[in-house]
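Student: Just dropping this structure here.
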There are 2 protein chains.
Amino acid sequence: MDIQMLVDSFSRYWPLEPEATKALKECTIQQVLKRRELVLKPGEQCRHFNFVLHGCLKMYKVDDQGNRHNLQFAVENDWIVDYGSFYSEEPSDVYIETLETSTLLRIRNKDLFYLYDHFPVFDRNFRIIIENAFIEQQKRVLQNISSTAEERYLYFMKKYPHLFNRISNVQIASYIGVTPEFLSTIRKKLTSG
Amino acid sequence: MDIQMLVDSFSRYWPLEPEATKALKECTIQQVLKRRELVLKPGEQCRHFNFVLHGCLKMYKVDDQGNRHNLQFAVENDWIVDYGSFYSEEPSDVYIETLETSTLLRIRNKDLFYLYDHFPVFDRNFRIIIENAFIEQQKRVLQNISSTAEERYLYFMKKYPHLFNRISNVQIASYIGVTPEFLSTIRKKLTSG
DNA sequence: CGTCTATTTGAATGTACTCAAAAGCGGTGG
DNA sequence: CCACCGCTTTTGAGTACATTCAAATAGACG
């Protein structure tokens, strides 16, 4: 079963005892999505923790001028969740959308709370997962306040080669916070110089 | 005792049973610092979780050109930690410094791991604490990739009025990612217009 | 009171965006 | 197999946003 991928993913942080594994299996829903399908949209509450078994997704927000801004990409073994909406139980203001055909394992909020309350190992695992996400995101904040677009592009390229070779420049531009046009001039400069 | 402030802080997320409270008390070290004192500097491992009882601190990184970039401020009831260094046990690359005379409650890494292992409520509490920090930080990322400096300044003002009235414009400029000179022109424009 | 830091001002420069249009690329159907 | 369609990438001109550097002014702290 594909859930083994999720169990293995946890095991890298803190292994699950058999009962926790069993409970986890009973709480996960597998879902297959085509390219460009929405997992979440603004106005809707984020009711699931989403684990990527296969494929690639993005989380983005649309601003008042209609511009899209990518907050996160997720590939195999990543989680993608609007934490704010999930825990506050208020409507989300972001989209989660597939960039490729994807398979998710999803855990509903009530099921996750059940797991938290009966198996402390899930508090432990999700604490570690979010701590790691926080650390990476802090590096992104530092980049944003201290580097030029070119530096951010080079950093993205170096840090996420698996994403770099998988998604379009439009998506990368939206993630590092530049227009596609300007990213194009950066790329030109890098190849010529 | 001042530790009550820390216990109360946890209680807003998930209350501590008496034994956990007792163990926590035995693990905390109170420390008073003068203005401009360093709690952490690059090269040094971050060995403590720091809870602010009183005062104000900043975490910042110095780049290759010698410019400082503020990653975080912490006031009463906030935590300030270099999570990356704390968990990896590798040298930090940031400074944590007081902006005012401050009092901290500090938990050493070994003591925190003891608490995690004996009282799952700490996994729970710190999971929630870091989740909230992640959500706020994600809003900051969105700001950085989608807004002008003026918008970021106005957002900071609205969101952190308690900080806005407590720290200098140089510190705010470094946090929102602009030069002090340009922040000055933004402020001029806002007061005149 | 003197020193150190924070804030303001202005000119010149650099970085990034907007808008419009052309060129490239990949998939689909005829 | 080719023609067409939609989307991505490139190009360029003009403009807006933000930095650098230097210097003057204002505040804060011991």
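In the structure tokens, chains take letters A, B, ... by order of appearance, with residues numbered from 1 within each chain and ligands from 1 in the order shown.
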Write out as number ranges by chain the set of residues from range 6-186 of chain B that DSSP, computed on the backbone, places in strand (DSSP E).
Tutor: B: 28-33, 38-40, 48-54, 57-62, 68-74, 79-80, 95-98, 102-108
Student: Based on the backbone DSSP call, show me all residues of range 49-89 of chain A assigned helix (DSSP H, G or I), as a PyMOL selection string.
Tutor: chain A and resi 83-88
Student: Write out the residues from the selection above, keeping C-alpha atoms, as an mmCIF file, in the first residue's frame.
Tutor:
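Wrote it out as selection_25.cif, contents follow:
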```cif
data_model
loop_
_atom_site.group_PDB
_atom_site.id
_atom_site.type_symbol
_atom_site.label_atom_id
_atom_site.label_comp_id
_atom_site.auth_asym_id
_atom_site.auth_seq_id
_atom_site.Cartn_x
_atom_site.Cartn_y
_atom_site.Cartn_z
ATOM 1 C CA TYR A 83 -2.338 25.863 8.600
ATOM 2 C CA GLY A 84 -4.096 29.138 9.372
ATOM 3 C CA SER A 85 -7.419 28.027 7.956
ATOM 4 C CA PHE A 86 -7.027 24.451 9.193
ATOM 5 C CA TYR A 87 -6.658 25.347 12.870
ATOM 6 C CA SER A 88 -8.738 28.533 12.993
#
```
Student: For chain B against chain A, which residues fall within 8 Å using only C-alpha atoms, given as a count of residues only?
Tutor: 30
Student: Quick one: which residues from chain A are at most 9 Å off chain C, using only C-alpha atoms (C1' of nucleotides), as a PyMOL selection string?
Tutor: chain A and resi 148-149+178-179+181-182
Student: Give me a file of those residues, with N, CA and C atoms, as an mmCIF file, in the first residue's frame.
Tutor:
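Result file follows (selection.cif):
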```cif
data_model
loop_
_atom_site.group_PDB
_atom_site.id
_atom_site.type_symbol
_atom_site.label_atom_id
_atom_site.label_comp_id
_atom_site.auth_asym_id
_atom_site.auth_seq_id
_atom_site.Cartn_x
_atom_site.Cartn_y
_atom_site.Cartn_z
ATOM 1 N N THR A 148 19.031 40.321 -3.983
ATOM 2 C CA THR A 148 18.425 40.738 -5.243
ATOM 3 C C THR A 148 17.691 39.546 -5.866
ATOM 4 N N ALA A 149 16.902 39.848 -6.877
ATOM 5 C CA ALA A 149 16.141 38.813 -7.571
ATOM 6 C C ALA A 149 17.086 37.759 -8.157
ATOM 7 N N VAL A 178 9.302 37.936 -8.444
ATOM 8 C CA VAL A 178 9.592 38.840 -9.561
ATOM 9 C C VAL A 178 8.608 38.564 -10.695
ATOM 10 N N THR A 179 8.566 39.459 -11.671
ATOM 11 C CA THR A 179 7.722 39.229 -12.839
ATOM 12 C C THR A 179 8.432 38.245 -13.762
ATOM 13 N N GLU A 181 8.842 38.499 -16.866
ATOM 14 C CA GLU A 181 9.665 39.271 -17.799
ATOM 15 C C GLU A 181 11.041 39.542 -17.208
ATOM 16 N N PHE A 182 11.046 39.942 -15.946
ATOM 17 C CA PHE A 182 12.334 40.265 -15.337
ATOM 18 C C PHE A 182 13.163 38.999 -15.103
#
```
Student: Report as a PDB file with C-alpha atoms (C1' of nucleotides), in the first residue's frame the set of chain D residues whose atoms approach chain A to within 12 Å, with distances computed over only C-alpha atoms (C1' of nucleotides).
Tutor:
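Result written to out-v9.pdb:
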```pdb
ATOM      1  C1'  DC D   7       0.752  28.890 -22.973  1.00  0.00           C
ATOM      2  C1'  DT D   8       5.561  30.182 -21.949  1.00  0.00           C
ATOM      3  C1'  DT D   9       9.456  32.838 -22.815  1.00  0.00           C
ATOM      4  C1'  DT D  10      11.774  36.675 -24.773  1.00  0.00           C
ATOM      5  C1'  DT D  11      12.526  41.578 -26.139  1.00  0.00           C
ATOM      6  C1'  DG D  12      12.440  46.538 -25.679  1.00  0.00           C
ATOM      7  C1'  DA D  18      14.511  51.526  -3.902  1.00  0.00           C
ATOM      8  C1'  DT D  19      19.633  51.966  -2.977  1.00  0.00           C
TER       9       DT D  19
END
```
Student: Record the distance separating CA of Ile107 in chain B and CA of Ile29 in chain B, expressed in Å with one decimal.
Tutor: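 Straight-line distance from CA of Ile107 in chain B to CA of Ile29 in chain B works out to 6.5 Å.
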